[in-house]
file target_20.cif (mmCIF, N, CA and C atoms and all ligand atoms)
data_upload
loop_
_atom_site.label_atom_id
_atom_site.label_comp_id
_atom_site.auth_asym_id
_atom_site.auth_seq_id
_atom_site.Cartn_x
_atom_site.Cartn_y
_atom_site.Cartn_z
N MET A 12 82.53 -158.81 -75.54
CA MET A 12 83.31 -160.00 -75.87
C MET A 12 83.24 -160.29 -77.37
N LEU A 13 82.01 -160.21 -77.93
CA LEU A 13 81.83 -160.43 -79.37
C LEU A 13 82.61 -159.39 -80.16
N VAL A 14 82.58 -158.15 -79.67
CA VAL A 14 83.28 -157.06 -80.37
C VAL A 14 84.78 -157.38 -80.42
N ASN A 15 85.33 -157.88 -79.30
CA ASN A 15 86.75 -158.21 -79.29
C ASN A 15 87.07 -159.33 -80.27
N LYS A 16 86.19 -160.32 -80.36
CA LYS A 16 86.38 -161.42 -81.32
C LYS A 16 86.36 -160.87 -82.75
N LEU A 17 85.38 -159.97 -83.02
CA LEU A 17 85.27 -159.40 -84.36
C LEU A 17 86.51 -158.57 -84.70
N LYS A 18 87.04 -157.85 -83.69
CA LYS A 18 88.22 -157.01 -83.93
C LYS A 18 89.41 -157.85 -84.38
N SER A 19 89.44 -159.13 -83.95
CA SER A 19 90.57 -159.97 -84.29
C SER A 19 90.47 -160.51 -85.72
N LEU A 20 89.32 -160.29 -86.39
CA LEU A 20 89.16 -160.74 -87.78
C LEU A 20 89.68 -159.66 -88.72
N ASN A 21 90.58 -160.02 -89.63
CA ASN A 21 91.16 -158.97 -90.48
C ASN A 21 90.26 -158.54 -91.64
N ASN A 22 89.11 -159.23 -91.81
CA ASN A 22 88.18 -158.79 -92.87
C ASN A 22 86.94 -158.11 -92.29
N VAL A 23 87.03 -157.67 -91.02
CA VAL A 23 85.91 -156.97 -90.38
C VAL A 23 86.37 -155.59 -89.92
N THR A 24 85.58 -154.56 -90.26
CA THR A 24 85.87 -153.20 -89.78
C THR A 24 84.69 -152.76 -88.92
N ILE A 25 84.97 -152.34 -87.70
CA ILE A 25 83.89 -151.89 -86.81
C ILE A 25 83.84 -150.37 -86.81
N HIS A 26 82.64 -149.83 -87.10
CA HIS A 26 82.44 -148.38 -87.05
C HIS A 26 81.59 -148.07 -85.83
N THR A 27 82.12 -147.34 -84.90
CA THR A 27 81.33 -146.96 -83.72
C THR A 27 80.85 -145.51 -83.90
N HIS A 28 79.91 -145.08 -83.07
CA HIS A 28 79.31 -143.74 -83.14
C HIS A 28 78.71 -143.47 -84.52
N ALA A 29 78.28 -144.55 -85.21
CA ALA A 29 77.79 -144.38 -86.58
C ALA A 29 76.28 -144.21 -86.62
N GLN A 30 75.84 -143.11 -87.22
CA GLN A 30 74.40 -142.87 -87.42
C GLN A 30 74.09 -143.06 -88.90
N THR A 31 73.42 -144.17 -89.21
CA THR A 31 73.14 -144.46 -90.62
C THR A 31 72.23 -143.38 -91.19
N THR A 32 72.61 -142.83 -92.33
CA THR A 32 71.78 -141.78 -92.96
C THR A 32 71.18 -142.25 -94.28
N GLU A 33 71.82 -143.23 -94.95
CA GLU A 33 71.31 -143.66 -96.25
C GLU A 33 71.89 -145.02 -96.64
N ILE A 34 71.04 -145.85 -97.22
CA ILE A 34 71.55 -147.06 -97.87
C ILE A 34 71.53 -146.75 -99.36
N THR A 35 72.68 -146.80 -99.98
CA THR A 35 72.78 -146.37 -101.38
C THR A 35 72.68 -147.57 -102.33
N GLY A 36 72.30 -147.27 -103.56
CA GLY A 36 72.19 -148.31 -104.57
C GLY A 36 72.34 -147.72 -105.95
N ASP A 37 72.42 -148.61 -106.95
CA ASP A 37 72.58 -148.12 -108.33
C ASP A 37 71.25 -148.16 -109.08
N GLY A 38 70.14 -148.25 -108.32
CA GLY A 38 68.84 -148.34 -108.96
C GLY A 38 68.39 -149.77 -109.11
N SER A 39 69.33 -150.70 -108.90
CA SER A 39 69.00 -152.11 -109.04
C SER A 39 69.39 -152.89 -107.79
N VAL A 40 70.61 -152.67 -107.33
CA VAL A 40 71.08 -153.37 -106.13
C VAL A 40 71.76 -152.40 -105.16
N VAL A 41 71.82 -152.83 -103.90
CA VAL A 41 72.51 -152.05 -102.87
C VAL A 41 74.00 -152.02 -103.19
N ASN A 42 74.62 -150.85 -103.00
CA ASN A 42 76.07 -150.80 -103.22
C ASN A 42 76.83 -150.07 -102.11
N GLY A 43 76.10 -149.64 -101.08
CA GLY A 43 76.85 -148.98 -100.01
C GLY A 43 75.96 -148.45 -98.91
N ILE A 44 76.61 -147.92 -97.90
CA ILE A 44 75.87 -147.31 -96.79
C ILE A 44 76.56 -145.99 -96.44
N ARG A 45 75.75 -144.98 -96.15
CA ARG A 45 76.29 -143.69 -95.77
C ARG A 45 75.97 -143.48 -94.30
N PHE A 46 76.93 -143.02 -93.56
CA PHE A 46 76.67 -142.74 -92.14
C PHE A 46 77.42 -141.52 -91.68
N LYS A 47 76.89 -140.96 -90.58
CA LYS A 47 77.51 -139.77 -89.98
C LYS A 47 78.21 -140.22 -88.71
N ASP A 48 79.43 -139.82 -88.53
CA ASP A 48 80.16 -140.11 -87.28
C ASP A 48 79.63 -139.15 -86.22
N ARG A 49 78.92 -139.73 -85.23
CA ARG A 49 78.28 -138.87 -84.22
C ARG A 49 79.31 -138.05 -83.44
N ALA A 50 80.52 -138.57 -83.31
CA ALA A 50 81.54 -137.87 -82.52
C ALA A 50 82.13 -136.69 -83.30
N SER A 51 82.49 -136.93 -84.59
CA SER A 51 83.16 -135.88 -85.35
C SER A 51 82.20 -135.10 -86.26
N GLY A 52 81.02 -135.68 -86.53
CA GLY A 52 80.07 -135.03 -87.43
C GLY A 52 80.38 -135.30 -88.89
N GLU A 53 81.48 -136.04 -89.19
CA GLU A 53 81.87 -136.29 -90.58
C GLU A 53 80.95 -137.31 -91.24
N ASP A 54 80.72 -137.13 -92.54
CA ASP A 54 79.94 -138.09 -93.33
C ASP A 54 80.88 -139.10 -93.98
N HIS A 55 80.45 -140.37 -94.00
CA HIS A 55 81.26 -141.43 -94.62
C HIS A 55 80.38 -142.26 -95.54
N HIS A 56 81.00 -142.85 -96.54
CA HIS A 56 80.30 -143.82 -97.40
C HIS A 56 81.15 -145.07 -97.48
N VAL A 57 80.54 -146.22 -97.17
CA VAL A 57 81.26 -147.49 -97.24
C VAL A 57 80.65 -148.30 -98.39
N GLU A 58 81.49 -148.77 -99.30
CA GLU A 58 81.00 -149.62 -100.39
C GLU A 58 80.80 -151.03 -99.88
N LEU A 59 79.67 -151.62 -100.19
CA LEU A 59 79.42 -153.01 -99.77
C LEU A 59 78.38 -153.65 -100.69
N GLU A 60 78.17 -154.94 -100.51
CA GLU A 60 77.28 -155.69 -101.41
C GLU A 60 75.99 -156.13 -100.75
N GLY A 61 75.85 -155.85 -99.46
CA GLY A 61 74.63 -156.26 -98.77
C GLY A 61 74.52 -155.57 -97.43
N VAL A 62 73.29 -155.50 -96.92
CA VAL A 62 73.05 -154.84 -95.64
C VAL A 62 72.14 -155.72 -94.80
N PHE A 63 72.48 -155.93 -93.55
CA PHE A 63 71.58 -156.61 -92.62
C PHE A 63 71.12 -155.57 -91.61
N VAL A 64 69.81 -155.36 -91.55
CA VAL A 64 69.27 -154.32 -90.67
C VAL A 64 68.81 -154.95 -89.36
N GLN A 65 69.35 -154.45 -88.26
CA GLN A 65 68.85 -154.89 -86.96
C GLN A 65 68.18 -153.69 -86.30
N ILE A 66 66.88 -153.84 -86.02
CA ILE A 66 66.12 -152.72 -85.45
C ILE A 66 65.32 -153.21 -84.25
N GLY A 67 64.64 -152.29 -83.61
CA GLY A 67 63.64 -152.67 -82.62
C GLY A 67 64.15 -152.91 -81.22
N LEU A 68 65.29 -152.34 -80.86
CA LEU A 68 65.82 -152.59 -79.51
C LEU A 68 65.21 -151.68 -78.45
N VAL A 69 64.65 -150.55 -78.87
CA VAL A 69 64.06 -149.64 -77.89
C VAL A 69 62.54 -149.80 -77.90
N PRO A 70 61.95 -150.27 -76.80
CA PRO A 70 60.50 -150.49 -76.80
C PRO A 70 59.72 -149.17 -76.82
N ASN A 71 58.56 -149.20 -77.44
CA ASN A 71 57.71 -148.01 -77.57
C ASN A 71 56.82 -147.90 -76.33
N THR A 72 57.43 -147.61 -75.19
CA THR A 72 56.68 -147.62 -73.92
C THR A 72 56.69 -146.25 -73.23
N GLU A 73 57.11 -145.25 -73.98
CA GLU A 73 57.20 -143.90 -73.42
C GLU A 73 55.89 -143.49 -72.72
N PHE A 74 54.77 -143.85 -73.37
CA PHE A 74 53.46 -143.42 -72.85
C PHE A 74 53.13 -144.06 -71.49
N LEU A 75 53.89 -145.08 -71.10
CA LEU A 75 53.60 -145.76 -69.83
C LEU A 75 54.39 -145.19 -68.65
N LYS A 76 55.30 -144.28 -68.97
CA LYS A 76 56.10 -143.66 -67.90
C LYS A 76 55.18 -143.03 -66.87
N GLY A 77 55.41 -143.37 -65.61
CA GLY A 77 54.57 -142.80 -64.55
C GLY A 77 53.37 -143.66 -64.23
N SER A 78 53.05 -144.64 -65.12
CA SER A 78 51.92 -145.54 -64.86
C SER A 78 52.40 -146.91 -64.43
N LEU A 79 53.39 -147.44 -65.16
CA LEU A 79 53.92 -148.78 -64.87
C LEU A 79 55.41 -148.67 -64.59
N GLU A 80 55.91 -149.63 -63.80
CA GLU A 80 57.35 -149.66 -63.55
C GLU A 80 58.07 -150.09 -64.83
N LEU A 81 59.05 -149.29 -65.22
CA LEU A 81 59.84 -149.59 -66.41
C LEU A 81 61.30 -149.78 -66.01
N SER A 82 62.02 -150.60 -66.77
CA SER A 82 63.45 -150.76 -66.52
C SER A 82 64.18 -149.53 -67.08
N LYS A 83 65.49 -149.47 -66.85
CA LYS A 83 66.24 -148.32 -67.38
C LYS A 83 66.26 -148.31 -68.91
N PHE A 84 65.89 -149.46 -69.53
CA PHE A 84 65.83 -149.51 -71.00
C PHE A 84 64.42 -149.26 -71.52
N GLY A 85 63.50 -148.94 -70.59
CA GLY A 85 62.12 -148.67 -71.00
C GLY A 85 61.27 -149.92 -71.12
N GLU A 86 61.80 -151.06 -70.69
CA GLU A 86 61.00 -152.30 -70.74
C GLU A 86 60.04 -152.33 -69.55
N ILE A 87 58.84 -152.89 -69.77
CA ILE A 87 57.88 -153.04 -68.67
C ILE A 87 58.37 -154.16 -67.75
N VAL A 88 58.51 -153.84 -66.48
CA VAL A 88 59.00 -154.85 -65.53
C VAL A 88 57.87 -155.84 -65.23
N VAL A 89 58.13 -157.12 -65.54
CA VAL A 89 57.14 -158.18 -65.28
C VAL A 89 57.77 -159.30 -64.46
N ASP A 90 56.90 -160.05 -63.75
CA ASP A 90 57.41 -161.24 -63.06
C ASP A 90 57.21 -162.45 -63.99
N ALA A 91 57.44 -163.65 -63.45
CA ALA A 91 57.39 -164.85 -64.28
C ALA A 91 56.00 -165.13 -64.85
N LYS A 92 54.96 -164.49 -64.28
CA LYS A 92 53.60 -164.72 -64.79
C LYS A 92 53.05 -163.53 -65.58
N GLY A 93 53.91 -162.58 -65.89
CA GLY A 93 53.47 -161.44 -66.70
C GLY A 93 52.79 -160.34 -65.90
N HIS A 94 52.81 -160.42 -64.54
CA HIS A 94 52.24 -159.35 -63.73
C HIS A 94 53.14 -158.11 -63.83
N THR A 95 52.53 -156.96 -63.96
CA THR A 95 53.28 -155.71 -63.83
C THR A 95 53.14 -155.26 -62.37
N ASN A 96 53.64 -154.10 -62.05
CA ASN A 96 53.51 -153.61 -60.66
C ASN A 96 52.10 -153.13 -60.36
N LEU A 97 51.27 -153.01 -61.41
CA LEU A 97 49.89 -152.54 -61.22
C LEU A 97 48.95 -153.73 -61.27
N PRO A 98 48.27 -154.04 -60.14
CA PRO A 98 47.37 -155.20 -60.13
C PRO A 98 46.34 -155.13 -61.24
N GLY A 99 46.17 -156.25 -61.96
CA GLY A 99 45.20 -156.30 -63.06
C GLY A 99 45.76 -155.88 -64.40
N VAL A 100 47.03 -155.45 -64.41
CA VAL A 100 47.67 -155.08 -65.68
C VAL A 100 48.80 -156.07 -65.96
N PHE A 101 48.76 -156.67 -67.15
CA PHE A 101 49.74 -157.71 -67.52
C PHE A 101 50.45 -157.29 -68.80
N ALA A 102 51.65 -157.79 -68.98
CA ALA A 102 52.40 -157.44 -70.19
C ALA A 102 53.17 -158.65 -70.69
N ALA A 103 53.45 -158.66 -71.97
CA ALA A 103 54.16 -159.79 -72.58
C ALA A 103 54.95 -159.32 -73.79
N GLY A 104 55.98 -160.05 -74.11
CA GLY A 104 56.71 -159.82 -75.36
C GLY A 104 57.93 -158.94 -75.22
N ASP A 105 58.37 -158.45 -76.37
CA ASP A 105 59.62 -157.69 -76.45
C ASP A 105 59.63 -156.43 -75.58
N CYS A 106 58.46 -155.87 -75.31
CA CYS A 106 58.40 -154.61 -74.56
C CYS A 106 58.59 -154.85 -73.05
N THR A 107 58.78 -156.09 -72.66
CA THR A 107 58.94 -156.39 -71.22
C THR A 107 60.39 -156.76 -70.90
N THR A 108 60.62 -156.99 -69.62
CA THR A 108 61.98 -157.34 -69.16
C THR A 108 62.34 -158.80 -69.43
N VAL A 109 61.46 -159.53 -70.12
CA VAL A 109 61.78 -160.93 -70.41
C VAL A 109 63.09 -161.02 -71.21
N PRO A 110 64.01 -161.92 -70.80
CA PRO A 110 65.26 -162.03 -71.56
C PRO A 110 65.02 -162.72 -72.91
N PHE A 111 65.81 -162.40 -73.89
CA PHE A 111 65.78 -162.98 -75.23
C PHE A 111 64.52 -162.56 -76.00
N LYS A 112 64.69 -161.65 -76.91
CA LYS A 112 63.56 -161.12 -77.69
C LYS A 112 63.40 -161.98 -78.94
N GLN A 113 62.56 -162.99 -78.84
CA GLN A 113 62.33 -163.90 -79.95
C GLN A 113 60.83 -164.19 -80.07
N ILE A 114 60.39 -164.55 -81.28
CA ILE A 114 58.96 -164.76 -81.53
C ILE A 114 58.37 -165.83 -80.61
N VAL A 115 59.06 -166.94 -80.49
CA VAL A 115 58.50 -168.04 -79.70
C VAL A 115 58.35 -167.65 -78.24
N ILE A 116 59.25 -166.81 -77.75
CA ILE A 116 59.19 -166.36 -76.36
C ILE A 116 58.03 -165.38 -76.19
N ALA A 117 57.90 -164.44 -77.14
CA ALA A 117 56.82 -163.45 -77.07
C ALA A 117 55.46 -164.15 -77.13
N ALA A 118 55.34 -165.16 -78.00
CA ALA A 118 54.06 -165.87 -78.15
C ALA A 118 53.72 -166.62 -76.85
N GLY A 119 54.74 -167.29 -76.29
CA GLY A 119 54.52 -168.03 -75.04
C GLY A 119 54.16 -167.08 -73.90
N ASP A 120 54.83 -165.96 -73.86
CA ASP A 120 54.55 -164.97 -72.79
C ASP A 120 53.17 -164.37 -72.95
N GLY A 121 52.72 -164.23 -74.21
CA GLY A 121 51.38 -163.72 -74.45
C GLY A 121 50.34 -164.67 -73.87
N ALA A 122 50.57 -165.97 -74.09
CA ALA A 122 49.65 -166.98 -73.53
C ALA A 122 49.70 -166.94 -72.01
N LYS A 123 50.90 -166.78 -71.48
CA LYS A 123 51.07 -166.76 -70.02
C LYS A 123 50.35 -165.55 -69.41
N ALA A 124 50.52 -164.39 -70.03
CA ALA A 124 49.88 -163.17 -69.52
C ALA A 124 48.37 -163.28 -69.61
N ALA A 125 47.87 -163.91 -70.69
CA ALA A 125 46.41 -164.08 -70.85
C ALA A 125 45.88 -165.00 -69.74
N LEU A 126 46.61 -166.08 -69.44
CA LEU A 126 46.18 -166.98 -68.36
C LEU A 126 46.23 -166.28 -67.01
N SER A 127 47.22 -165.43 -66.82
CA SER A 127 47.31 -164.67 -65.56
C SER A 127 46.15 -163.69 -65.44
N ALA A 128 45.77 -163.09 -66.57
CA ALA A 128 44.62 -162.17 -66.55
C ALA A 128 43.35 -162.94 -66.20
N PHE A 129 43.21 -164.13 -66.79
CA PHE A 129 42.05 -164.98 -66.50
C PHE A 129 42.04 -165.33 -65.01
N ASP A 130 43.19 -165.72 -64.50
CA ASP A 130 43.32 -166.07 -63.07
C ASP A 130 42.94 -164.87 -62.19
N HIS A 131 43.41 -163.69 -62.59
CA HIS A 131 43.12 -162.47 -61.84
C HIS A 131 41.61 -162.22 -61.80
N LEU A 132 40.96 -162.37 -62.96
CA LEU A 132 39.51 -162.10 -63.03
C LEU A 132 38.72 -163.12 -62.21
N MET A 133 39.20 -164.38 -62.25
CA MET A 133 38.51 -165.44 -61.48
C MET A 133 38.54 -165.15 -59.98
N ARG A 134 39.61 -164.49 -59.55
CA ARG A 134 39.78 -164.23 -58.11
C ARG A 134 39.26 -162.85 -57.69
N THR A 135 38.79 -162.08 -58.66
CA THR A 135 38.31 -160.73 -58.33
C THR A 135 36.80 -160.77 -58.11
N PRO A 136 36.33 -160.41 -56.91
CA PRO A 136 34.88 -160.44 -56.67
C PRO A 136 34.13 -159.49 -57.60
N VAL A 137 32.99 -159.92 -58.07
CA VAL A 137 32.18 -159.08 -58.94
C VAL A 137 31.43 -158.08 -58.07
N ALA A 138 31.48 -156.81 -58.48
CA ALA A 138 30.79 -155.77 -57.72
C ALA A 138 29.28 -155.98 -57.81
N ALA A 139 28.58 -155.87 -56.68
CA ALA A 139 27.12 -156.13 -56.67
C ALA A 139 26.35 -154.97 -57.32
C1 LIG B 201 64.81 -157.20 -87.91
C2 LIG B 201 64.30 -158.22 -86.92
C3 LIG B 201 64.51 -159.56 -87.17
C4 LIG B 201 64.03 -160.53 -86.27
N1 LIG B 201 64.26 -161.85 -86.55
C5 LIG B 201 63.76 -162.79 -85.71
C6 LIG B 201 63.93 -164.16 -86.00
O1 LIG B 201 64.52 -164.55 -87.01
N2 LIG B 201 63.42 -165.07 -85.12
C7 LIG B 201 62.74 -164.69 -83.98
O2 LIG B 201 62.28 -165.55 -83.24
N3 LIG B 201 62.59 -163.38 -83.70
C8 LIG B 201 63.07 -162.43 -84.51
N4 LIG B 201 62.90 -161.10 -84.22
C9 LIG B 201 62.23 -160.74 -82.96
C10 LIG B 201 60.72 -160.87 -83.08
O3 LIG B 201 60.28 -160.12 -84.20
C11 LIG B 201 60.09 -160.35 -81.79
O4 LIG B 201 60.62 -161.06 -80.69
C12 LIG B 201 58.58 -160.49 -81.79
O5 LIG B 201 58.00 -159.90 -82.93
C13 LIG B 201 58.03 -159.83 -80.53
O6 LIG B 201 56.65 -159.87 -80.57
P1 LIG B 201 55.82 -158.80 -79.78
O7 LIG B 201 54.39 -159.13 -80.03
O8 LIG B 201 56.30 -158.74 -78.36
O9 LIG B 201 56.20 -157.38 -80.39
P2 LIG B 201 56.00 -156.84 -81.87
O10 LIG B 201 55.99 -157.94 -82.88
O11 LIG B 201 57.02 -155.74 -82.00
O12 LIG B 201 54.54 -156.23 -81.84
C14 LIG B 201 54.24 -155.05 -81.15
C15 LIG B 201 53.09 -154.39 -81.91
O13 LIG B 201 52.62 -153.30 -81.12
C16 LIG B 201 52.43 -152.19 -81.97
N5 LIG B 201 52.52 -150.99 -81.14
C17 LIG B 201 53.63 -150.39 -80.63
N6 LIG B 201 53.28 -149.32 -79.91
C18 LIG B 201 51.94 -149.24 -79.94
C19 LIG B 201 50.99 -148.34 -79.38
N7 LIG B 201 51.36 -147.30 -78.62
N8 LIG B 201 49.70 -148.57 -79.62
C20 LIG B 201 49.28 -149.61 -80.37
N9 LIG B 201 50.14 -150.50 -80.93
C21 LIG B 201 51.44 -150.31 -80.73
C22 LIG B 201 53.51 -152.30 -83.01
O14 LIG B 201 53.17 -151.59 -84.18
C23 LIG B 201 53.53 -153.82 -83.25
O15 LIG B 201 52.60 -154.21 -84.22
C24 LIG B 201 63.34 -160.12 -85.11
C25 LIG B 201 63.12 -158.76 -84.86
C26 LIG B 201 63.60 -157.82 -85.75
C27 LIG B 201 63.35 -156.36 -85.46
#

call {"tool": "encode", "arguments": {"input": "target_20.cif", "output": "structure tokens"}}
result
Amino acid sequence: MLVNKLKSLNNVTIHTHAQTTEITGDGSVVNGIRFKDRASGEDHHVELEGVFVQIGLVPNTEFLKGSLELSKFGEIVVDAKGHTNLPGVFAAGDCTTVPFKQIVIAAGDGAKAALSAFDHLMRTPVAA
């Protein structure tokens, strides 16, 4: 929906299949971005005056494959209290299925997962 709104703006150009290869500058300020068209393999350079970088959408959870349930995006599946599918293992923050990846949410979820871990330990009998 946002893409369609942007398409209707005559001062916005959308580049799809773009793999950024370089942010160019004149030694003092940014003056462009170079990217490869993944579909055609062609290299392009767009002149511009600023760059906003959005990163971090793919969680670094590869190592958990086979141990914890992950979503199709690689997020750790958690319930409302931060429980994973493995009893005694809790998760919080951007790497989980929690909607909206924001600092305040990650911090709150961290507190929630810590309280759930405390609750879990309180209810777990100590081995004699
Ligand atoms: C460019 C950008 C701008 C943002 N702007 C805002 C904003 O304006 N406002 C806002 O609220 N949120 C913003 N966010 C989102 C915010 O940064 C995150 O929601 C928040 O940092 C999530 O906290 P986290 O602790 O879950 O994960 P992170 O802050 O990503 O912390 C995870 C940590 O785990 C480490 N790690 C990863 N893998 C391993 C491993 N295998 N072993 C050990 N350590 C590991 C990482 O190095 C990292 O230090 C922005 C994010 C980005 C990328």

call {"tool": "select_by_dssp", "arguments": {"input": "target_20.cif", "residues": "range 14-135 of chain A", "states": "helix (DSSP H, G or I)", "output": "CSV table (one decimal) with N, CA and C atoms, in the frame of the given file"}}
result
chain,number,residue,atom,x,y,z
A,14,VAL,N,82.6,-158.2,-79.7
A,14,VAL,CA,83.3,-157.1,-80.4
A,14,VAL,C,84.8,-157.4,-80.4
A,15,ASN,N,85.3,-157.9,-79.3
A,15,ASN,CA,86.8,-158.2,-79.3
A,15,ASN,C,87.1,-159.3,-80.3
A,16,LYS,N,86.2,-160.3,-80.4
A,16,LYS,CA,86.4,-161.4,-81.3
A,16,LYS,C,86.4,-160.9,-82.8
A,17,LEU,N,85.4,-160.0,-83.0
A,17,LEU,CA,85.3,-159.4,-84.4
A,17,LEU,C,86.5,-158.6,-84.7
A,18,LYS,N,87.0,-157.8,-83.7
A,18,LYS,CA,88.2,-157.0,-83.9
A,18,LYS,C,89.4,-157.8,-84.4
A,73,GLU,N,57.1,-145.2,-74.0
A,73,GLU,CA,57.2,-143.9,-73.4
A,73,GLU,C,55.9,-143.5,-72.7
A,74,PHE,N,54.8,-143.8,-73.4
A,74,PHE,CA,53.5,-143.4,-72.8
A,74,PHE,C,53.1,-144.1,-71.5
A,75,LEU,N,53.9,-145.1,-71.1
A,75,LEU,CA,53.6,-145.8,-69.8
A,75,LEU,C,54.4,-145.2,-68.6
A,114,ILE,N,60.4,-164.6,-81.3
A,114,ILE,CA,59.0,-164.8,-81.5
A,114,ILE,C,58.4,-165.8,-80.6
A,115,VAL,N,59.1,-166.9,-80.5
A,115,VAL,CA,58.5,-168.0,-79.7
A,115,VAL,C,58.4,-167.6,-78.2
A,116,ILE,N,59.2,-166.8,-77.8
A,116,ILE,CA,59.2,-166.4,-76.4
A,116,ILE,C,58.0,-165.4,-76.2
A,117,ALA,N,57.9,-164.4,-77.1
A,117,ALA,CA,56.8,-163.4,-77.1
A,117,ALA,C,55.5,-164.2,-77.1
A,118,ALA,N,55.3,-165.2,-78.0
A,118,ALA,CA,54.1,-165.9,-78.2
A,118,ALA,C,53.7,-166.6,-76.8
A,119,GLY,N,54.7,-167.3,-76.3
A,119,GLY,CA,54.5,-168.0,-75.0
A,119,GLY,C,54.2,-167.1,-73.9
A,120,ASP,N,54.8,-166.0,-73.9
A,120,ASP,CA,54.6,-165.0,-72.8
A,120,ASP,C,53.2,-164.4,-73.0
A,121,GLY,N,52.7,-164.2,-74.2
A,121,GLY,CA,51.4,-163.7,-74.4
A,121,GLY,C,50.3,-164.7,-73.9
A,122,ALA,N,50.6,-166.0,-74.1
A,122,ALA,CA,49.6,-167.0,-73.5
A,122,ALA,C,49.7,-166.9,-72.0
A,123,LYS,N,50.9,-166.8,-71.5
A,123,LYS,CA,51.1,-166.8,-70.0
A,123,LYS,C,50.4,-165.6,-69.4
A,124,ALA,N,50.5,-164.4,-70.0
A,124,ALA,CA,49.9,-163.2,-69.5
A,124,ALA,C,48.4,-163.3,-69.6
A,125,ALA,N,47.9,-163.9,-70.7
A,125,ALA,CA,46.4,-164.1,-70.8
A,125,ALA,C,45.9,-165.0,-69.7
A,126,LEU,N,46.6,-166.1,-69.4
A,126,LEU,CA,46.2,-167.0,-68.4
A,126,LEU,C,46.2,-166.3,-67.0
A,127,SER,N,47.2,-165.4,-66.8
A,127,SER,CA,47.3,-164.7,-65.6
A,127,SER,C,46.2,-163.7,-65.4
A,128,ALA,N,45.8,-163.1,-66.6
A,128,ALA,CA,44.6,-162.2,-66.6
A,128,ALA,C,43.4,-162.9,-66.2
A,129,PHE,N,43.2,-164.1,-66.8
A,129,PHE,CA,42.0,-165.0,-66.5
A,129,PHE,C,42.0,-165.3,-65.0
A,130,ASP,N,43.2,-165.7,-64.5
A,130,ASP,CA,43.3,-166.1,-63.1
A,130,ASP,C,42.9,-164.9,-62.2
A,131,HIS,N,43.4,-163.7,-62.6
A,131,HIS,CA,43.1,-162.5,-61.8
A,131,HIS,C,41.6,-162.2,-61.8
A,132,LEU,N,41.0,-162.4,-63.0
A,132,LEU,CA,39.5,-162.1,-63.0
A,132,LEU,C,38.7,-163.1,-62.2
A,133,MET,N,39.2,-164.4,-62.2
A,133,MET,CA,38.5,-165.4,-61.5
A,133,MET,C,38.5,-165.2,-60.0
A,134,ARG,N,39.6,-164.5,-59.6
A,134,ARG,CA,39.8,-164.2,-58.1
A,134,ARG,C,39.3,-162.8,-57.7

call {"tool": "residues_around", "arguments": {"input": "target_20.cif", "residues": "range 37-41 of chain A", "least_positions_apart": "3", "cutoff": "6 Å", "atoms": "only N, CA and C atoms", "output": "PyMOL selection string"}}
result
chain A and resi 59-61

call {"tool": "write_last_selection", "arguments": {"input": "target_20.cif", "atoms": "N, CA and C atoms", "output": "compact mmCIF listing (two decimals), keeping the file's coordinate frame"}}
result
# COMPACT_ATOMS: atom_id res chain seq x y z
N LEU A 59 79.67 -151.62 -100.19
CA LEU A 59 79.42 -153.01 -99.77
C LEU A 59 78.38 -153.65 -100.69
N GLU A 60 78.17 -154.94 -100.51
CA GLU A 60 77.28 -155.69 -101.41
C GLU A 60 75.99 -156.13 -100.75
N GLY A 61 75.85 -155.85 -99.46
CA GLY A 61 74.63 -156.26 -98.77
C GLY A 61 74.52 -155.57 -97.43

call {"tool": "closest_residue", "arguments": {"input": "target_20.cif", "among": "A:Thr72, A:Thr31, A:Thr135, A:Thr95", "to": "ligand LIG 201 (chain B)", "atoms": "all atoms listed in the file"}}
result
A:Thr72

call {"tool": "residues_near_ligand", "arguments": {"input": "target_20.cif", "ligand": "ligand LIG 201 (chain B)", "cutoff": "10 Å", "atoms": "only C-alpha atoms and all ligand atoms", "output": "list in words"}}
result
Phe63, Val64, Gln65, Ile66, Gly67, Leu68, Pro70, Asn71, Thr72, Glu73, Phe74, Leu75, Ala102, Ala103, Gly104, Asp105, Cys106, Thr107, Val109, Phe111, Lys112, Gln113, Ile114, Val115, Ile116, Ala117, Ala118, Asp120 and Gly121 of chain A

call {"tool": "select_by_dssp", "arguments": {"input": "target_20.cif", "residues": "range 22-76 of chain A", "states": "strand (DSSP E)", "output": "number ranges by chain"}}
result
A: 29-36, 41-48, 54-58

call {"tool": "axis_aligned_box", "arguments": {"input": "target_20.cif", "around": "range 71-84 of chain A", "padding_each_side": "3 Å", "output": "AutoDock Vina command-line options"}}
result
--center_x 59.1 --center_y -146.8 --center_z -70.6 --size_x 20.3 --size_y 14.0 --size_z 20.0

call {"tool": "closest_residue", "arguments": {"input": "target_20.cif", "among": "A:Thr24, A:His131, A:Ala139, A:Asn96", "to": "Ser82 in chain A", "atoms": "only C-alpha atoms"}}
result
A:Asn96

call {"tool": "residues_around", "arguments": {"input": "target_20.cif", "residues": "Asp48 in chain A", "least_positions_apart": "5", "cutoff": "10 Å", "atoms": "only C-alpha atoms", "output": "PyMOL selection string"}}
result
chain A and resi 26-31+53-55

call {"tool": "atom_distance", "arguments": {"input": "target_20.cif", "atom1": "CA of Arg134 in chain A", "atom2": "CA of Pro110 in chain A"}}
result
28.9 Å

call {"tool": "atom_distance", "arguments": {"input": "target_20.cif", "atom1": "CA of Gly93 in chain A", "atom2": "atom N of Met133 in chain A"}}
result
15.2 Å

call {"tool": "atom_distance", "arguments": {"input": "target_20.cif", "atom1": "atom C of Phe46 in chain A", "atom2": "CA of Ser19 in chain A"}}
result
23.8 Å

call {"tool": "closest_residue", "arguments": {"input": "target_20.cif", "among": "A:Ile44, A:Val57, A:Asn15, A:Phe84", "to": "Val69 in chain A", "atoms": "only N, CA and C atoms"}}
result
A:Phe84

call {"tool": "closest_residue", "arguments": {"input": "target_20.cif", "among": "A:Gly99, A:Leu20, A:Ser51, A:Thr108", "to": "Glu86 in chain A", "atoms": "only C-alpha atoms"}}
result
A:Thr108
